[in-house]
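A short worksheet on the structure shown next.
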Amino acid sequence: MSFIYDFSSATQAIDQWLKANLSPTGAFVAELALVGLTILLAYAVIGLYLVYAERKVCAFMQNRVGPNRVGKWGLLQTMADLIKLLMKELIPIRKSDKLLFNVAPYLVIIASFLGIAAIPFAKGLHAIDFNIGVFYIMAVSSIGVIGILLAGWSSNSKYSLIGAMRSGAQVVSYELSVGLALLSVVIFSGSMQLSTIVESQANGWWILKGHLPAMISFVIFLIASTAEINRGPFDLAEAESELTAGFHTEYSGIRFAFFFLAEYMNMFIVAAMAATVFLGGWMPFHLGNLEAFNRVMDFIPPVVWFFGKTIFIIYLIMWFKWTFPRLRIDQLLTLEWKYLLPLNLLNTVVIAFLVLMGWYFK
Amino acid sequence: MNADAMKEVELNEIIASKEDGKYIINIGPQHPSTHGVLRFVVSLKGETLEYLIPHCGYIHRGIEKMCENLTYPQIIHLTDRMDYLSAHMNNEAVSLCVENALGIEVPERVKVIRTILSELQRIASHQLWWAAFGMDIGGLTCFFYGLRDREKVLDIFEESFGSRLLHSFICPGGLMQDIHPSFQKRVKEFISYFRKKLPEYDQLLTGNVIFEQRTKGLGILTKAEAIDYGVTGPSGRASGFSCDIRKKHPYSAYDRVEFREILANEGDTYSRYKVRIEEMWESMNIIEQLIDQIPEGSFTAPMKAIIKLPEGEYTQRVETARGELAVYLVSTGDKNPYRMRFRTPNFSNLFVMNHLAAGAKIADLIAISGSLDLVIPDIDR
């Protein structure tokens, strides 16, 4: 059972077995296919169950029961929905830009695909471990907005276009805050590699080690990333009560499902990043020299730690989606440019100073 | 050429010239936030609204014309279908008008029950408004909180009248039937329940920073403008226009209860919100004063089988959940009215939309139209 604590032995065993039985090129291709397939599967399962979770959490907030008919506790409800969406007609839109209209959902979903590949789920369970992991995730997550803009533009609908323009302004603005918030931990840990950032939190999570500035960064990251994924009180891009469905008004069937799934996967990526960078990723929670306590914490597998933290943050994000009213576009931009960004810049300077003087728990 | 037609021409010019990135969108007739088949033709520059033209008539059923071929007890059933959220008050308006024309004094029991029903209906209506308004500005949870509590009122209605929305319970001469024996008990239970639940509404929405930013100072209607446009009900009172028919021209049992007329001076979306929340508290006070005072007696005055009004013109005003409903009735002594006319509150309230929303953002348009609490069938009749 030791592989639950360290996946690297298991992955190495598979690697060696493939290399022993196949040519070097064959082994390489087989590994790529294996990793791709695993991520694809994880993507679908996580995405579908996030939709289920959202519906249950939302029902819990609203004095309802939520899905409870298909399967035990409605667990198969989202599967059934997916099958329904797969079988639905893809309605062609007259006078739409056919090429861009068809490409847009794929761009959105590919962006979230690329993002999920770089997330460390557990020790050794990490598809690509770049030395610029944080930068990479920032970069690929901003591809998604191109898909949204294209979707709005090519639909030949004014509602879609307004939604897309809102989304463009919003995502581009809030990316700054997300980047700066992540930068604070990069300064603390001195690395952009996600595995190194996780390792650096073995003796305590950055949110605890980094005093107040790290907590401010965490809160800013949570707000800004919620805005970046067009959710919660910042869901202006689809603003149901104003723009019916915003940029994906004209999409139907599986193309709509792609947007829908990508939204939830982006939420997962954001929550996973927050968990990895601020809350120690798959690292257990350790308290100073309390040997017995630390042992008990170590006993809980890293995968459980990772998903526990991620689910906690996902719950937070859902919580404020279902309790707050929506902001207006000018208020949204004011919040970013006049409050979050200056605060964030100041915070980054303070952190740099703290690190320079060594005034944090090492 | 009237003002609307001129605007229409202007709109066409804008479409033709495509200057400065101006464009036109139709909000409605099928739109999640118009709460019915209402259409706003909106001229936009970016996100900013230049002006809007409300187009109504999508649910025009000719109720006033239909009334001319129906007897007075039959007309009651049509009035339900105007402002379906103030069904009792609509019934009451026509009933009072007919009773005044006949010179009938209804039993005390009827008066008290009518008042209680109107106030229950007002609470139910404001609950639904709160639910929908919360949803309009993006707080989806509000919808379920509002409907949860409205359900309790509808259950009481269902028990006594057999219907939840279109009761047709108040009729000329009194009531259709007596109230259910457990009516008083159920109403008291509801009041004590809702006194606990109403503060939840404030916790969820009222103090929220985002909510206050979205609504404070938005869509300001001054007192003079409210009077000019004839904006009545909570929307008018939020501008300081004292227009509560219950106070000014008491009918039924309103002259024997103590209640405040809720007024605010700001006239913005937030004060329209606050006035309605306060009105729910005040309605509960009215019901509490009356619920133990229902006199024994008959539930209807002795009426002839066929009601014929003496020749003449009659009017009656009542305060519905959205403002002043006036009934104008011309009789030629027949069993049908010669002419029936309803002055519905929503029709007047709708036409301040352009005034309030010009210069605001699309999101504000939704917030403002939500705060006016429009019921579309009441506009079109």
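Letters A, B, ... mark the chains of the structure tokens in the order given; residue numbers begin at 1 per chain; ligand numbers begin at 1, in order shown.
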
Name the residues in contact with stretch 287-297 of chain B at a cut-off of 12 Å, using only C-alpha atoms, excluding same-chain residues fewer than 6 positions from it; report them as a count of residues only. 43

For chain B, list the residues within 6 Å of chain A, counting only C-alpha atoms, and write the list as JSON, numbers by chain. {"B": [32, 33, 136, 137, 138, 139, 141, 144]}

Would you mind exporting C-alpha atoms of the selected residues as a PDB file, in the first residue's frame?
ATOM      1  CA  PRO B  32     -35.591  35.962 -17.979  1.00  0.00           C
ATOM      2  CA  SER B  33     -35.754  39.360 -16.297  1.00  0.00           C
ATOM      3  CA  ASP B 136     -32.515  39.837 -11.092  1.00  0.00           C
ATOM      4  CA  ILE B 137     -29.419  41.264  -9.502  1.00  0.00           C
ATOM      5  CA  GLY B 138     -27.745  37.879  -9.390  1.00  0.00           C
ATOM      6  CA  GLY B 139     -28.449  36.506  -5.917  1.00  0.00           C
ATOM      7  CA  THR B 141     -30.553  31.951  -3.432  1.00  0.00           C
ATOM      8  CA  PHE B 144     -35.842  30.036  -2.997  1.00  0.00           C
TER       9      PHE B 144
END

As an MDAnalysis selection string, please: every residue in stretch 103-327 of chain A that a backbone DSSP assignment puts in alpha helix (DSSP H). chainID A and resid 103:117 133:141 144:154 158:189 194:199 206:209 211:228 240:243 253:277 291:299 302:323

What's the 8 Å shell around stretch 48-62 of chain B, counting only C-alpha atoms, without same-chain residues fewer than 4 positions away, as a PDB file with C-alpha atoms, in the first residue's frame?
ATOM      1  CA  ASP B   4     -42.924  56.804 -29.238  1.00  0.00           C
ATOM      2  CA  LYS B   7     -38.233  57.569 -31.042  1.00  0.00           C
ATOM      3  CA  PRO B  29     -40.567  39.682 -25.020  1.00  0.00           C
ATOM      4  CA  VAL B  37     -43.974  39.124 -22.096  1.00  0.00           C
ATOM      5  CA  LEU B  38     -42.786  42.711 -21.966  1.00  0.00           C
ATOM      6  CA  ARG B  39     -40.368  44.102 -24.511  1.00  0.00           C
ATOM      7  CA  PHE B  40     -37.905  46.913 -24.039  1.00  0.00           C
ATOM      8  CA  VAL B  41     -36.308  48.271 -27.178  1.00  0.00           C
ATOM      9  CA  VAL B  42     -33.020  49.519 -25.824  1.00  0.00           C
ATOM     10  CA  SER B  43     -30.572  51.800 -27.545  1.00  0.00           C
ATOM     11  CA  LEU B  44     -27.081  51.164 -26.252  1.00  0.00           C
ATOM     12  CA  MET B  66     -64.889  41.391 -22.190  1.00  0.00           C
ATOM     13  CA  LEU B 350     -43.821  51.018 -16.341  1.00  0.00           C
ATOM     14  CA  PHE B 351     -43.483  54.321 -18.142  1.00  0.00           C
ATOM     15  CA  MET B 353     -38.528  53.118 -16.979  1.00  0.00           C
ATOM     16  CA  ASN B 354     -37.047  55.312 -19.698  1.00  0.00           C
ATOM     17  CA  ALA B 357     -32.783  53.875 -16.803  1.00  0.00           C
ATOM     18  CA  ALA B 358     -31.413  56.373 -19.345  1.00  0.00           C
ATOM     19  CA  GLY B 359     -27.691  56.695 -18.822  1.00  0.00           C
ATOM     20  CA  ALA B 360     -27.445  53.563 -16.698  1.00  0.00           C
ATOM     21  CA  LYS B 361     -25.897  50.211 -17.589  1.00  0.00           C
ATOM     22  CA  ILE B 362     -27.706  47.118 -18.834  1.00  0.00           C
ATOM     23  CA  ILE B 376     -47.068  42.305 -17.157  1.00  0.00           C
ATOM     24  CA  PRO B 377     -50.677  41.038 -17.446  1.00  0.00           C
ATOM     25  CA  ILE B 379     -50.069  46.396 -17.750  1.00  0.00           C
ATOM     26  CA  ASP B 380     -51.760  44.917 -20.791  1.00  0.00           C
ATOM     27  CA  ARG B 381     -55.038  43.778 -19.213  1.00  0.00           C
TER      28      ARG B 381
END

Minimum-distance residue to B:Phe211, chosen among B:Glu319, B:Leu70, B:Ile75, B:Ala367 (using only C-alpha atoms):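 The shortest atom-to-atom distance to B:Phe211 comes from B:Ala367.
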
If you count only C-alpha atoms, which residues fall within 12 Å of A:Val296, apart from same-chain ones fewer than 4 positions away, as a PDB file with N, CA and C atoms, in the first residue's frame?
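Result saved to out_2.pdb:
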ATOM      1  N   PRO A 284       0.982  17.122   4.199  1.00  0.00           N
ATOM      2  CA  PRO A 284       0.121  17.058   5.379  1.00  0.00           C
ATOM      3  C   PRO A 284       0.324  18.289   6.259  1.00  0.00           C
ATOM      4  N   PHE A 285      -0.590  18.482   7.161  1.00  0.00           N
ATOM      5  CA  PHE A 285      -0.494  19.612   8.079  1.00  0.00           C
ATOM      6  C   PHE A 285       0.374  19.212   9.267  1.00  0.00           C
ATOM      7  N   HIS A 286       1.460  19.934   9.465  1.00  0.00           N
ATOM      8  CA  HIS A 286       2.365  19.623  10.568  1.00  0.00           C
ATOM      9  C   HIS A 286       2.388  20.774  11.555  1.00  0.00           C
ATOM     10  N   LEU A 287       2.511  20.396  12.837  1.00  0.00           N
ATOM     11  CA  LEU A 287       2.556  21.425  13.874  1.00  0.00           C
ATOM     12  C   LEU A 287       3.866  21.290  14.623  1.00  0.00           C
ATOM     13  N   LEU A 290       5.267  18.604  17.556  1.00  0.00           N
ATOM     14  CA  LEU A 290       4.321  17.631  18.118  1.00  0.00           C
ATOM     15  C   LEU A 290       4.449  16.331  17.320  1.00  0.00           C
ATOM     16  N   GLU A 291       5.323  15.441  17.779  1.00  0.00           N
ATOM     17  CA  GLU A 291       5.683  14.247  17.019  1.00  0.00           C
ATOM     18  C   GLU A 291       4.453  13.373  16.718  1.00  0.00           C
ATOM     19  N   ALA A 292       3.654  13.114  17.770  1.00  0.00           N
ATOM     20  CA  ALA A 292       2.510  12.205  17.607  1.00  0.00           C
ATOM     21  C   ALA A 292       1.497  12.783  16.627  1.00  0.00           C
ATOM     22  N   ILE A 300      -2.453  10.132   6.855  1.00  0.00           N
ATOM     23  CA  ILE A 300      -3.455  10.443   5.818  1.00  0.00           C
ATOM     24  C   ILE A 300      -2.733  10.589   4.483  1.00  0.00           C
ATOM     25  N   PRO A 301      -3.159   9.846   3.454  1.00  0.00           N
ATOM     26  CA  PRO A 301      -2.423   9.870   2.176  1.00  0.00           C
ATOM     27  C   PRO A 301      -2.416  11.265   1.545  1.00  0.00           C
TER      28      PRO A 301
END

For B:Gly173, find every residue with an atom within 8 Å (counting only C-alpha atoms), except residues of its own chain fewer than 4 positions away, and show them as a PyMOL selection string. chain B and resi 95+99+104+106+300-303

Picked from stretch 45-242 of chain B by DSSP as strand (DSSP E), as a PyMOL selection string: chain B and resi 45+48-55+170-171+174-175

Given only C-alpha atoms as the basis, pick out the residue of A:Ala44, A:Leu332, A:Leu90, A:Leu34 nearest to A:Val171.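 Counting only C-alpha atoms, the residue closest to A:Val171 is A:Leu332.
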
Residue neighbourhood A:Ala169, 12 Å, only C-alpha atoms, exclusion window fewer than 3 positions, as a CSV table (one decimal) with N, CA and C atoms, in the first residue's frame:
chain,number,residue,atom,x,y,z
A,145,VAL,N,-9.8,32.7,-22.6
A,145,VAL,CA,-10.6,33.9,-22.9
A,145,VAL,C,-10.7,34.1,-24.4
A,146,ILE,N,-9.7,33.7,-25.2
A,146,ILE,CA,-9.8,33.8,-26.6
A,146,ILE,C,-11.0,33.0,-27.1
A,148,ILE,N,-13.7,32.4,-25.5
A,148,ILE,CA,-14.9,33.0,-25.1
A,148,ILE,C,-15.2,34.2,-26.0
A,149,LEU,N,-14.1,35.0,-26.3
A,149,LEU,CA,-14.3,36.1,-27.2
A,149,LEU,C,-14.8,35.7,-28.6
A,162,ILE,N,-22.0,41.1,-26.1
A,162,ILE,CA,-21.8,41.9,-24.9
A,162,ILE,C,-21.2,41.0,-23.8
A,163,GLY,N,-21.7,39.8,-23.8
A,163,GLY,CA,-21.1,38.9,-22.8
A,163,GLY,C,-19.6,38.7,-23.0
A,164,ALA,N,-19.2,38.5,-24.3
A,164,ALA,CA,-17.8,38.2,-24.6
A,164,ALA,C,-17.0,39.4,-24.3
A,165,MET,N,-17.5,40.6,-24.6
A,165,MET,CA,-16.7,41.8,-24.4
A,165,MET,C,-16.5,42.0,-22.9
A,166,ARG,N,-17.5,41.8,-22.1
A,166,ARG,CA,-17.4,41.8,-20.7
A,166,ARG,C,-16.4,40.9,-20.2
A,172,VAL,N,-8.8,39.8,-18.6
A,172,VAL,CA,-7.6,40.5,-18.8
A,172,VAL,C,-7.2,41.3,-17.6
A,173,SER,N,-8.2,41.9,-17.0
A,173,SER,CA,-7.9,42.7,-15.8
A,173,SER,C,-7.5,41.8,-14.6
A,174,TYR,N,-8.3,40.8,-14.4
A,174,TYR,CA,-8.0,40.0,-13.2
A,174,TYR,C,-6.8,39.1,-13.2
A,175,GLU,N,-6.4,38.9,-14.5
A,175,GLU,CA,-5.2,38.1,-14.6
A,175,GLU,C,-4.0,38.7,-13.9
A,176,LEU,N,-4.0,40.0,-13.9
A,176,LEU,CA,-2.9,40.7,-13.2
A,176,LEU,C,-2.8,40.4,-11.7
A,227,ALA,N,-13.0,35.7,-10.3
A,227,ALA,CA,-13.4,36.6,-11.4
A,227,ALA,C,-12.8,36.1,-12.8
A,228,GLU,N,-11.6,35.5,-12.7
A,228,GLU,CA,-11.0,35.1,-13.9
A,228,GLU,C,-11.8,33.9,-14.6
A,230,ASN,N,-14.9,33.5,-14.5
A,230,ASN,CA,-16.3,34.0,-14.7
A,230,ASN,C,-17.3,33.3,-13.9
A,234,PHE,N,-19.0,37.3,-9.9
A,234,PHE,CA,-18.4,38.0,-11.1
A,234,PHE,C,-18.8,37.3,-12.4
A,236,LEU,N,-20.4,38.0,-14.9
A,236,LEU,CA,-21.0,38.9,-15.9
A,236,LEU,C,-21.0,38.4,-17.3
A,237,ALA,N,-20.1,37.5,-17.6
A,237,ALA,CA,-20.0,37.1,-19.0
A,237,ALA,C,-21.2,36.3,-19.4
A,329,ILE,N,-20.5,45.8,-14.3
A,329,ILE,CA,-19.2,45.8,-15.0
A,329,ILE,C,-18.3,46.9,-14.6
A,330,ASP,N,-18.8,48.1,-14.4
A,330,ASP,CA,-17.9,49.2,-13.9
A,330,ASP,C,-17.4,48.9,-12.5
A,332,LEU,N,-17.0,46.1,-11.2
A,332,LEU,CA,-16.0,45.0,-11.3
A,332,LEU,C,-14.6,45.5,-11.6
A,333,LEU,N,-14.6,46.3,-12.6
A,333,LEU,CA,-13.3,46.9,-13.0
A,333,LEU,C,-12.7,47.8,-12.0
A,334,THR,N,-13.6,48.6,-11.3
A,334,THR,CA,-13.1,49.4,-10.3
A,334,THR,C,-12.4,48.6,-9.2
A,336,GLU,N,-10.9,45.8,-9.3
A,336,GLU,CA,-9.6,45.3,-9.7
A,336,GLU,C,-8.6,46.5,-9.8
A,337,TRP,N,-8.9,47.5,-10.6
A,337,TRP,CA,-7.9,48.5,-10.9
A,337,TRP,C,-7.6,49.4,-9.7
